[in-house]
Amino acid sequence: MRRPSSRIHRGLLGERALVGRSYLADAELRREYDSEIAPRTRAALAKILDEVALPAPPRRVLDLGAGTGAAGALVRERWPEAALVSVDKVAGPGILRADVTRSTRPAGVDGRFGCIVAAHLLGELPLDSESRARLVAGWCRELLEPDGTCILVEPALRETSRGLLEVRDRLLAAGLFVVAPCLLQDGCPALLRERDFCHASTEAIVSGRSRVDYSYLVLRKQGAAVEDRALFRIVSDPMKDKGRLRFYGCGLAGRRLITRLDRDRSPANGALDEMERGEVVRIAGATARADGLRCGHDTAVERLRSGAR
């Protein structure tokens with residue numbers, strides 16, 4: 001029998017009736033949030049910080065939409081010397097009460113930060129994509145240090161993921177640099193088809209499940225763009241069916257379906273057998289087809305960064 005979902009799960013990840021409300025003021029919902037949503041935030045942020053190296057350990061960290069403090073707890077573990085400022089619409093232990101939509105700089109927050117985290121926040125704000133992007137751009141302009149990093153994390157729902165991608169494109173147009181997950185500093189190809197969206201995953205036990213899916217962006221004021229068109233980030237789980245293995249990859253060449261027929265498996269392309277969502281790979285010598293890229297016997301596939309680590 002399928003386990004019935006909790007009020008917090010339905011309200012934020014189901015019909016989303018709690019979005020925009022001060023649900024953390026409800027003691028029962030706060031407990032459910034702390035046991036079901038907060039661990040997702042922690043698992044996602046931990047994976048992101050494992051993958052994306054900050055230029056230096058931040059001296060100050062701002063946690064916007066702090067919830068019950070999951071991101072802040074991880075920050076204290078990672079950077080025990082950093083000063084942490086946590087903000088949420090509903091105050092809690094060590095969390096400053098402020099409405100982040102009223103101004104770029106929340107009331108009571110001063111100075112600049114080496115890292116800003118906004119997890120499960122943007123998609124719950126009563127704003128359109130343009131207003132959300134303007135808010136994030138303001139955080140980066142007024143609150144972020146010159147070499148600082150802004151991390152946005154959202155649920156891996158089609159609605160919230162595509163909303164984040166729309167914000168992404170507007171932030172690029174505003175002059176910000178996307179560090180991860182994107183290799184492409186241009187319009188997101190996942191937005192070209194209504195059914196497409198983009199999310200990552202990590203292994204973590206939350207609510208009895210061993211995997212946490214999430215969407216995210218890591219932003220800086222500037223960065224070095226990727227120039228290698230053979231690089232792709234794998235943006236799907238492996239699709240294995242009779243006689244072939246397929247993935248979707250995204251890079252400078254766009255969002256492409258990558259296919260290898262079983263008869264073409266070789267030591268050169270054998271890395272495809274171990275590929276996982278989130279990995280960055282170099283695929284040299286693939287053939288362009290109408291439906292994407294075909295990896296042949298001589299196609300060289302190199303794993304550069306594993307999504308599992």
# chains A, B, ... in the order shown; residues from 1 in each chain; ligands from 1
$ select_by_dssp --residues "stretch 75-242 of chain A" --states "alpha helix (DSSP H)" --output "compact mmCIF listing (two decimals) with N, CA and C atoms, in the first residue's frame"
# COMPACT_ATOMS: atom_id res chain seq x y z
N VAL A 75 26.26 24.81 6.59
CA VAL A 75 27.26 25.88 6.49
C VAL A 75 28.18 25.88 7.70
N ARG A 76 27.60 25.71 8.89
CA ARG A 76 28.42 25.71 10.11
C ARG A 76 29.38 24.53 10.12
N GLU A 77 28.95 23.40 9.57
CA GLU A 77 29.83 22.23 9.51
C GLU A 77 30.95 22.44 8.50
N ARG A 78 30.61 23.00 7.34
CA ARG A 78 31.60 23.18 6.28
C ARG A 78 32.58 24.29 6.59
N SER A 129 8.71 35.45 -13.22
CA SER A 129 10.12 35.15 -13.49
C SER A 129 10.96 36.41 -13.60
N GLU A 130 10.41 37.44 -14.23
CA GLU A 130 11.16 38.69 -14.37
C GLU A 130 11.46 39.31 -13.00
N SER A 131 10.47 39.32 -12.12
CA SER A 131 10.66 39.90 -10.79
C SER A 131 11.61 39.06 -9.94
N ARG A 132 11.52 37.73 -10.08
CA ARG A 132 12.43 36.86 -9.34
C ARG A 132 13.87 37.08 -9.80
N ALA A 133 14.06 37.18 -11.11
CA ALA A 133 15.40 37.41 -11.63
C ALA A 133 15.93 38.77 -11.18
N ARG A 134 15.07 39.75 -11.16
CA ARG A 134 15.50 41.09 -10.71
C ARG A 134 15.92 41.05 -9.24
N LEU A 135 15.21 40.26 -8.43
CA LEU A 135 15.55 40.13 -7.03
C LEU A 135 16.90 39.44 -6.85
N VAL A 136 17.12 38.33 -7.57
CA VAL A 136 18.41 37.61 -7.46
C VAL A 136 19.55 38.49 -7.96
N ALA A 137 19.33 39.18 -9.07
CA ALA A 137 20.37 40.07 -9.58
C ALA A 137 20.71 41.15 -8.55
N GLY A 138 19.70 41.61 -7.84
CA GLY A 138 19.94 42.60 -6.79
C GLY A 138 20.74 42.03 -5.64
N TRP A 139 20.44 40.79 -5.25
CA TRP A 139 21.24 40.14 -4.19
C TRP A 139 22.71 40.09 -4.62
N CYS A 140 22.94 39.66 -5.85
CA CYS A 140 24.32 39.51 -6.33
C CYS A 140 25.01 40.88 -6.43
N ARG A 141 24.28 41.89 -6.81
CA ARG A 141 24.85 43.22 -6.98
C ARG A 141 25.14 43.89 -5.64
N GLU A 142 24.20 43.78 -4.69
CA GLU A 142 24.30 44.56 -3.46
C GLU A 142 24.77 43.78 -2.24
N ARG A 158 8.51 19.92 -12.57
CA ARG A 158 8.57 20.59 -13.87
C ARG A 158 8.33 22.09 -13.73
N GLU A 159 7.33 22.45 -12.93
CA GLU A 159 6.98 23.86 -12.75
C GLU A 159 8.13 24.66 -12.14
N THR A 160 8.69 24.16 -11.03
CA THR A 160 9.74 24.91 -10.34
C THR A 160 11.06 24.89 -11.11
N SER A 161 11.34 23.76 -11.77
CA SER A 161 12.57 23.67 -12.55
C SER A 161 12.55 24.61 -13.75
N ARG A 162 11.47 24.59 -14.49
CA ARG A 162 11.38 25.49 -15.65
C ARG A 162 11.34 26.95 -15.21
N GLY A 163 10.71 27.21 -14.05
CA GLY A 163 10.73 28.57 -13.52
C GLY A 163 12.14 29.03 -13.21
N LEU A 164 12.95 28.13 -12.66
CA LEU A 164 14.34 28.47 -12.36
C LEU A 164 15.13 28.69 -13.64
N LEU A 165 14.86 27.90 -14.68
CA LEU A 165 15.55 28.07 -15.95
C LEU A 165 15.18 29.41 -16.60
N GLU A 166 13.94 29.83 -16.45
CA GLU A 166 13.54 31.14 -16.96
C GLU A 166 14.28 32.25 -16.23
N VAL A 167 14.43 32.10 -14.91
CA VAL A 167 15.21 33.06 -14.12
C VAL A 167 16.66 33.05 -14.59
N ARG A 168 17.20 31.84 -14.82
CA ARG A 168 18.58 31.69 -15.30
C ARG A 168 18.84 32.53 -16.53
N ASP A 169 17.97 32.41 -17.53
CA ASP A 169 18.19 33.13 -18.78
C ASP A 169 18.17 34.64 -18.56
N ARG A 170 17.32 35.10 -17.69
CA ARG A 170 17.25 36.53 -17.41
C ARG A 170 18.50 37.00 -16.65
N LEU A 171 19.03 36.15 -15.77
CA LEU A 171 20.23 36.52 -15.04
C LEU A 171 21.45 36.58 -15.95
N LEU A 172 21.52 35.67 -16.92
CA LEU A 172 22.59 35.74 -17.91
C LEU A 172 22.50 37.04 -18.71
N ALA A 173 21.29 37.41 -19.09
CA ALA A 173 21.09 38.66 -19.83
C ALA A 173 21.48 39.87 -19.00
$ residues_around --residues "A:Val100" --least-positions-apart "4" --cutoff "9 Å" --atoms "only C-alpha atoms" --output "list in words"
Leu64, Gly65, Val87, Asp88, Lys89, Thr104, Arg105, Pro106, Ala107, Leu125 and Leu135 of chain A
$ closest_residue --among "A:Ala83, A:Val19, A:Ala230, A:Ile95" --to "A:Leu122" --atoms "only C-alpha atoms"
A:Val19
$ closest_residue --among "A:Arg30, A:Val52, A:Glu194, A:Val218" --to "A:Ala118" --atoms "only C-alpha atoms"
A:Val218
$ atom_distance --atom1 "atom CA of A:Ile37" --atom2 "atom CA of A:Gly67"
9.2 Å
$ decode --residues "stretch 121-177 of chain A" --atoms "C-alpha atoms" --output "mmCIF file, in the first residue's frame"
data_model
loop_
_atom_site.group_PDB
_atom_site.id
_atom_site.type_symbol
_atom_site.label_atom_id
_atom_site.label_comp_id
_atom_site.auth_asym_id
_atom_site.auth_seq_id
_atom_site.Cartn_x
_atom_site.Cartn_y
_atom_site.Cartn_z
ATOM 1 C CA LEU A 121 12.651 30.045 -1.760
ATOM 2 C CA LEU A 122 12.278 31.515 -5.272
ATOM 3 C CA GLY A 123 9.500 29.163 -6.341
ATOM 4 C CA GLU A 124 7.470 30.097 -3.266
ATOM 5 C CA LEU A 125 7.618 33.846 -3.822
ATOM 6 C CA PRO A 126 4.478 35.522 -5.274
ATOM 7 C CA LEU A 127 6.518 36.936 -8.160
ATOM 8 C CA ASP A 128 6.829 36.263 -11.896
ATOM 9 C CA SER A 129 10.119 35.151 -13.493
ATOM 10 C CA GLU A 130 11.161 38.687 -14.368
ATOM 11 C CA SER A 131 10.663 39.904 -10.790
ATOM 12 C CA ARG A 132 12.434 36.856 -9.342
ATOM 13 C CA ALA A 133 15.403 37.408 -11.633
ATOM 14 C CA ARG A 134 15.500 41.090 -10.709
ATOM 15 C CA LEU A 135 15.548 40.126 -7.025
ATOM 16 C CA VAL A 136 18.406 37.615 -7.458
ATOM 17 C CA ALA A 137 20.373 40.075 -9.583
ATOM 18 C CA GLY A 138 19.936 42.602 -6.788
ATOM 19 C CA TRP A 139 21.244 40.143 -4.194
ATOM 20 C CA CYS A 140 24.319 39.515 -6.327
ATOM 21 C CA ARG A 141 24.855 43.220 -6.976
ATOM 22 C CA GLU A 142 24.304 44.564 -3.455
ATOM 23 C CA LEU A 143 24.952 41.663 -1.061
ATOM 24 C CA LEU A 144 27.585 39.507 -2.754
ATOM 25 C CA GLU A 145 31.325 40.095 -2.500
ATOM 26 C CA PRO A 146 33.131 40.562 -5.854
ATOM 27 C CA ASP A 147 34.246 36.891 -5.941
ATOM 28 C CA GLY A 148 31.223 35.596 -4.029
ATOM 29 C CA THR A 149 28.925 32.721 -4.968
ATOM 30 C CA CYS A 150 25.112 32.637 -5.011
ATOM 31 C CA ILE A 151 23.435 29.209 -4.806
ATOM 32 C CA LEU A 152 19.761 28.735 -5.715
ATOM 33 C CA VAL A 153 18.053 25.395 -4.990
ATOM 34 C CA GLU A 154 14.502 24.436 -5.977
ATOM 35 C CA PRO A 155 12.380 21.266 -5.970
ATOM 36 C CA ALA A 156 12.762 19.069 -9.070
ATOM 37 C CA LEU A 157 9.197 19.632 -10.252
ATOM 38 C CA ARG A 158 8.569 20.589 -13.875
ATOM 39 C CA GLU A 159 6.979 23.864 -12.749
ATOM 40 C CA THR A 160 9.741 24.914 -10.342
ATOM 41 C CA SER A 161 12.571 23.665 -12.547
ATOM 42 C CA ARG A 162 11.380 25.494 -15.647
ATOM 43 C CA GLY A 163 10.733 28.566 -13.523
ATOM 44 C CA LEU A 164 14.336 28.471 -12.356
ATOM 45 C CA LEU A 165 15.550 28.074 -15.953
ATOM 46 C CA GLU A 166 13.539 31.144 -16.964
ATOM 47 C CA VAL A 167 15.208 33.064 -14.124
ATOM 48 C CA ARG A 168 18.579 31.688 -15.300
ATOM 49 C CA ASP A 169 18.190 33.130 -18.780
ATOM 50 C CA ARG A 170 17.249 36.532 -17.405
ATOM 51 C CA LEU A 171 20.234 36.520 -15.036
ATOM 52 C CA LEU A 172 22.591 35.739 -17.915
ATOM 53 C CA ALA A 173 21.095 38.657 -19.835
ATOM 54 C CA ALA A 174 21.763 40.806 -16.756
ATOM 55 C CA GLY A 175 25.472 39.922 -16.939
ATOM 56 C CA LEU A 176 25.809 37.202 -14.300
ATOM 57 C CA PHE A 177 27.786 33.985 -14.894
#
